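Here's the structure we're looking at; comments come further down.
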Amino acid sequence: MKKVNFLVVNLMLFLTVGVYGQRTETIHLTEAGTFENSFFLIEDWENPVTKLKITGNIDARDLFYLNNFDGFSSLAELDLSEADIVEYNGQAGGPSQLHPANTLPDNSFGWIQLNLSKIILPKTLTSIGNMVLFANYNALCALTSLEIPEGITSIGNAFAGQQKALVTVSLPGTLTSLRDSSFIDCTGLTVIINNNPNPVDITPYSGVPCFYGVNKTKCTLYVPAGSKSLYEKASIWQEFNIIELPETTEITETPTTDGATIEWQPYENAEGYRLIIYSDEARTDTIYIFEFDADGEWFNTISFRSASTTLSHTIENLQRGTDYFYTLEILGVGDVVLASQSGEFTTASEPASIDAALAEPAEIVGYYSVSGAKLPKAPEKGAYIVLYSNDTSKKILK
């Protein structure tokens, strides 16, 4: 990581350059309004930025420059999660006016190009202005999912309109105002996660209603547990396919010398599960990823175990006496993550007892692929299932 200080613009710039076509930049601004100067210092037309993270203080001038400069035509990911939008009173691509703090200014991202596939909005946002992420002419982007962070209470009119690649949207539980013309003609939209137990009034004020042009009968609206009846009576919301979000259930971990068995209760309305095992508490170093269907079956394949009200999976081939961490994601329609729970376990240093160490397993009666095909012997590599004479089975990953 290379660190460069530019006192003239009062900013810190952290630069990481990868292979051509995958250039990543992180820019920290201590003074809002200096983004143009900072980017000018690292601008490279032959190796354009594809992933950009901006931290620190920004205002409407910075967002206007980001929105209109041709140098961002190759931008695929934009991360503003650690940026704070401060107040600016003046001209920023339009008439001079007050641009409030913690508000995404009007017309933000209106000209972002086709390559943009991921946007992470500031955590400190409280409102979104008008015509934000709205498709102006060629401003259709590759954005497939959009998460509006908790803390935002109002969204102005014409938000994220005509973004035809958009498939999933998550709305915060703090949202109380959603103006007209938002999400109109988002014809690819199939999942909306609304975390507010009380339906937001989205009756049109002056323009077309929100979600106009969306096929609501084919779009699933997830709402908090216990609020389905309210949404079934609410204008516009009632037209969607409404399903309640799952409530969390208890998870237990039973460590062994080389792994652990993770057990959980089935989640109501879950379409599947994803269990991710990490070696670090920050959950950045992934060891295994297991996916299951709604019945807890691995990769939607055959199962040799008896039906149970408890779902479980045994992780093997881990180191003895070592801390491991996991996240269980509950999946909905289209594999969207509806909820998640995290935990940790420590593998045993030694077998629980001498008897356990010497215990003989049941006789192996067959090996099967994850698709259910019988195998002549255990594969040297890959995933397979072992069937024992006592009608139990074990899933092995080498």
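Residues are referred to by chain and number: the chain letter is A, B, ... according to the order shown in the structure tokens, the number counts from 1 in that chain, and ligands are numbered separately from 1 in the order shown.
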
Leaving out region 168-175 of chain A and any residue of its chain fewer than 2 positions from it, which residues lie within 10 Å of it when counting only C-alpha atoms, given as an mmCIF file with C-alpha atoms, in the first residue's frame?
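Once everything was written out, this is around03.cif:
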```
data_model
loop_
_atom_site.group_PDB
_atom_site.id
_atom_site.type_symbol
_atom_site.label_atom_id
_atom_site.label_comp_id
_atom_site.auth_asym_id
_atom_site.auth_seq_id
_atom_site.Cartn_x
_atom_site.Cartn_y
_atom_site.Cartn_z
ATOM 1 C CA THR A 126 -30.693 10.556 6.182
ATOM 2 C CA SER A 127 -32.337 11.483 2.875
ATOM 3 C CA LEU A 143 -26.652 -2.175 -11.293
ATOM 4 C CA THR A 144 -28.495 -5.386 -10.338
ATOM 5 C CA SER A 145 -28.992 -4.812 -6.602
ATOM 6 C CA LEU A 146 -29.386 -1.712 -4.476
ATOM 7 C CA GLU A 147 -29.391 -1.454 -0.681
ATOM 8 C CA ILE A 148 -30.709 1.746 0.892
ATOM 9 C CA PRO A 149 -28.976 2.005 4.301
ATOM 10 C CA GLU A 150 -30.779 2.251 7.626
ATOM 11 C CA GLY A 151 -31.127 5.828 8.828
ATOM 12 C CA ILE A 152 -32.613 7.178 5.598
ATOM 13 C CA THR A 153 -36.089 8.571 6.258
ATOM 14 C CA SER A 154 -37.023 10.103 2.902
ATOM 15 C CA ILE A 155 -36.448 9.476 -0.803
ATOM 16 C CA ALA A 165 -30.936 -4.272 -14.924
ATOM 17 C CA LEU A 166 -32.047 -3.728 -11.325
ATOM 18 C CA SER A 177 -41.420 9.021 2.797
ATOM 19 C CA LEU A 178 -41.136 7.651 -0.755
ATOM 20 C CA PHE A 183 -38.313 2.792 -9.414
ATOM 21 C CA GLY A 188 -36.182 -6.463 -14.189
ATOM 22 C CA LEU A 189 -37.171 -5.910 -10.554
ATOM 23 C CA THR A 190 -38.183 -9.234 -8.945
ATOM 24 C CA VAL A 191 -37.395 -8.814 -5.209
ATOM 25 C CA ILE A 192 -38.038 -5.913 -2.821
ATOM 26 C CA ILE A 193 -37.038 -6.222 0.843
ATOM 27 C CA ASN A 194 -38.946 -3.655 2.880
ATOM 28 C CA ASN A 195 -37.718 -3.559 6.491
ATOM 29 C CA ASN A 196 -40.382 -1.122 7.703
ATOM 30 C CA PRO A 197 -43.281 -2.862 9.520
ATOM 31 C CA ASN A 198 -45.520 0.060 8.573
ATOM 32 C CA PRO A 199 -46.219 0.566 4.858
ATOM 33 C CA VAL A 200 -44.886 3.857 3.538
ATOM 34 C CA CYS A 219 -42.150 -9.323 -7.967
ATOM 35 C CA THR A 220 -41.806 -10.644 -4.398
ATOM 36 C CA LEU A 221 -42.169 -8.095 -1.602
ATOM 37 C CA TYR A 222 -40.590 -9.226 1.677
ATOM 38 C CA VAL A 223 -41.937 -7.427 4.757
ATOM 39 C CA PRO A 224 -41.211 -7.800 8.509
ATOM 40 C CA VAL A 333 -36.249 -15.701 -4.074
ATOM 41 C CA GLY A 334 -33.333 -15.383 -6.487
ATOM 42 C CA VAL A 336 -31.225 -12.764 -2.177
ATOM 43 C CA LEU A 338 -33.016 -12.039 3.688
#
```

Open item on the list: Among region 157-340 of chain A, which ones does DSSP assign to helix (DSSP H, G or I) (computed from the backbone)? Answer as number ranges by chain.
Closed with: A: 216-218, 228-231, 237-239, 333-335

With C-alpha atoms retained, could you export that selection as a PDB file, in the first residue's frame?
```
ATOM      1  CA  LYS A 216     -45.845  -6.622  -9.479  1.00  0.00           C
ATOM      2  CA  THR A 217     -47.433 -10.058  -9.770  1.00  0.00           C
ATOM      3  CA  LYS A 218     -43.981 -11.484 -10.500  1.00  0.00           C
ATOM      4  CA  LYS A 228     -48.211  -8.781   5.921  1.00  0.00           C
ATOM      5  CA  SER A 229     -51.845  -7.862   6.646  1.00  0.00           C
ATOM      6  CA  LEU A 230     -50.952  -4.153   6.723  1.00  0.00           C
ATOM      7  CA  TYR A 231     -49.233  -4.313   3.354  1.00  0.00           C
ATOM      8  CA  TRP A 237     -47.855  -2.405  -1.950  1.00  0.00           C
ATOM      9  CA  GLN A 238     -50.898  -4.679  -2.034  1.00  0.00           C
ATOM     10  CA  GLU A 239     -50.276  -5.435  -5.712  1.00  0.00           C
ATOM     11  CA  VAL A 333     -36.249 -15.701  -4.074  1.00  0.00           C
ATOM     12  CA  GLY A 334     -33.333 -15.383  -6.487  1.00  0.00           C
ATOM     13  CA  ASP A 335     -30.819 -16.215  -3.714  1.00  0.00           C
TER      14      ASP A 335
END
```

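When CA of Gln162 (chain A) is paired with CA of Asp180 (chain A), their separation reads 13.5 Å.
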
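Summary of the local environment: counting only C-alpha atoms, residues at most 8 Å from Ser342 (chain A), other than itself and those fewer than 4 positions away along its chain, are Phe325, Tyr326, Thr327 and Leu328 of chain A.
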
Preceding selection exported with N, CA and C atoms as a PDB file, in the first residue's frame:
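Now in result.pdb:
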```pdb
ATOM      1  N   PHE A 325     -14.936 -19.150  12.578  1.00  0.00           N
ATOM      2  CA  PHE A 325     -16.086 -18.261  12.614  1.00  0.00           C
ATOM      3  C   PHE A 325     -16.986 -18.575  11.419  1.00  0.00           C
ATOM      4  N   TYR A 326     -18.277 -18.323  11.572  1.00  0.00           N
ATOM      5  CA  TYR A 326     -19.190 -18.663  10.483  1.00  0.00           C
ATOM      6  C   TYR A 326     -20.316 -17.637  10.378  1.00  0.00           C
ATOM      7  N   THR A 327     -20.938 -17.601   9.211  1.00  0.00           N
ATOM      8  CA  THR A 327     -22.149 -16.823   8.968  1.00  0.00           C
ATOM      9  C   THR A 327     -23.144 -17.706   8.232  1.00  0.00           C
ATOM     10  N   LEU A 328     -24.356 -17.776   8.743  1.00  0.00           N
ATOM     11  CA  LEU A 328     -25.433 -18.495   8.078  1.00  0.00           C
ATOM     12  C   LEU A 328     -26.353 -17.479   7.430  1.00  0.00           C
TER      13      LEU A 328
END
```

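Contact shell of Arg61 (chain A) at 8 Å (only C-alpha atoms; same-chain neighbours under 5 positions omitted): Gly33, Gln91, Ala92 and Gly93 of chain A.
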
Open item on the list: Just the number, please: distance in Å from CA of Glu232 (chain A) to CA of Ala294 (chain A), one decimal.
Closed with: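 That distance, rounded to one decimal, is 25.4 Å.
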
Open item on the list: Could you list, as a PyMOL selection string, every residue within 9 Å of Ala60 (chain A), counting only C-alpha atoms and ignoring same-chain residues fewer than 4 positions away?
Closed with: chain A and resi 32-33+64-65+85-88+91-93+99+104-106+108

TODO: May I have all residues of region 48-212 of chain A that DSSP, computed from the backbone, assigns to strand (DSSP E), given as an NGL selection string?
DONE: :A and (49-58 or 77-79 or 83-85 or 88-90 or 97-99 or 103-104 or 118-120 or 127-128 or 145-147 or 154-155 or 168-171 or 177-178 or 191-194)

Open item on the list: Env of Glu271 (chain A): 12 Å cut, atoms = only C-alpha atoms, seq-sep filter 5 positions within chain, self excluded. Answer as a PyMOL selection string.
Closed with: chain A and resi 243+245-246+266+291-297+300+329-339

Write the selection just made, keeping C-alpha atoms, as a compact mmCIF listing (two decimals), in the first residue's frame?
```txt
# COMPACT_ATOMS: atom_id res chain seq x y z
CA ILE A 243 -44.07 -12.73 1.95
CA LEU A 245 -39.27 -12.01 6.39
CA PRO A 246 -37.98 -14.93 8.49
CA PRO A 266 -35.74 -24.12 9.58
CA GLU A 291 -25.23 -23.91 -0.06
CA PHE A 292 -28.44 -25.75 0.80
CA ASP A 293 -32.03 -25.78 -0.38
CA ALA A 294 -35.02 -25.03 1.87
CA ASP A 295 -34.89 -28.57 3.30
CA GLY A 296 -31.22 -28.28 4.19
CA GLU A 297 -30.11 -30.56 1.38
CA ASN A 300 -30.22 -29.54 -3.82
CA GLU A 329 -27.28 -16.59 5.37
CA ILE A 330 -31.00 -17.18 4.88
CA LEU A 331 -31.84 -16.96 1.19
CA GLY A 332 -35.04 -15.86 -0.50
CA VAL A 333 -36.25 -15.70 -4.07
CA GLY A 334 -33.33 -15.38 -6.49
CA ASP A 335 -30.82 -16.22 -3.71
CA VAL A 336 -31.23 -12.76 -2.18
CA VAL A 337 -30.00 -12.66 1.44
CA LEU A 338 -33.02 -12.04 3.69
CA ALA A 339 -31.24 -12.38 7.02
```

TODO: Could you jot down the CA of Gly321 (chain A) to CA of Thr256 (chain A) separation for me, Å, one decimal place?
DONE: 9.4 Å
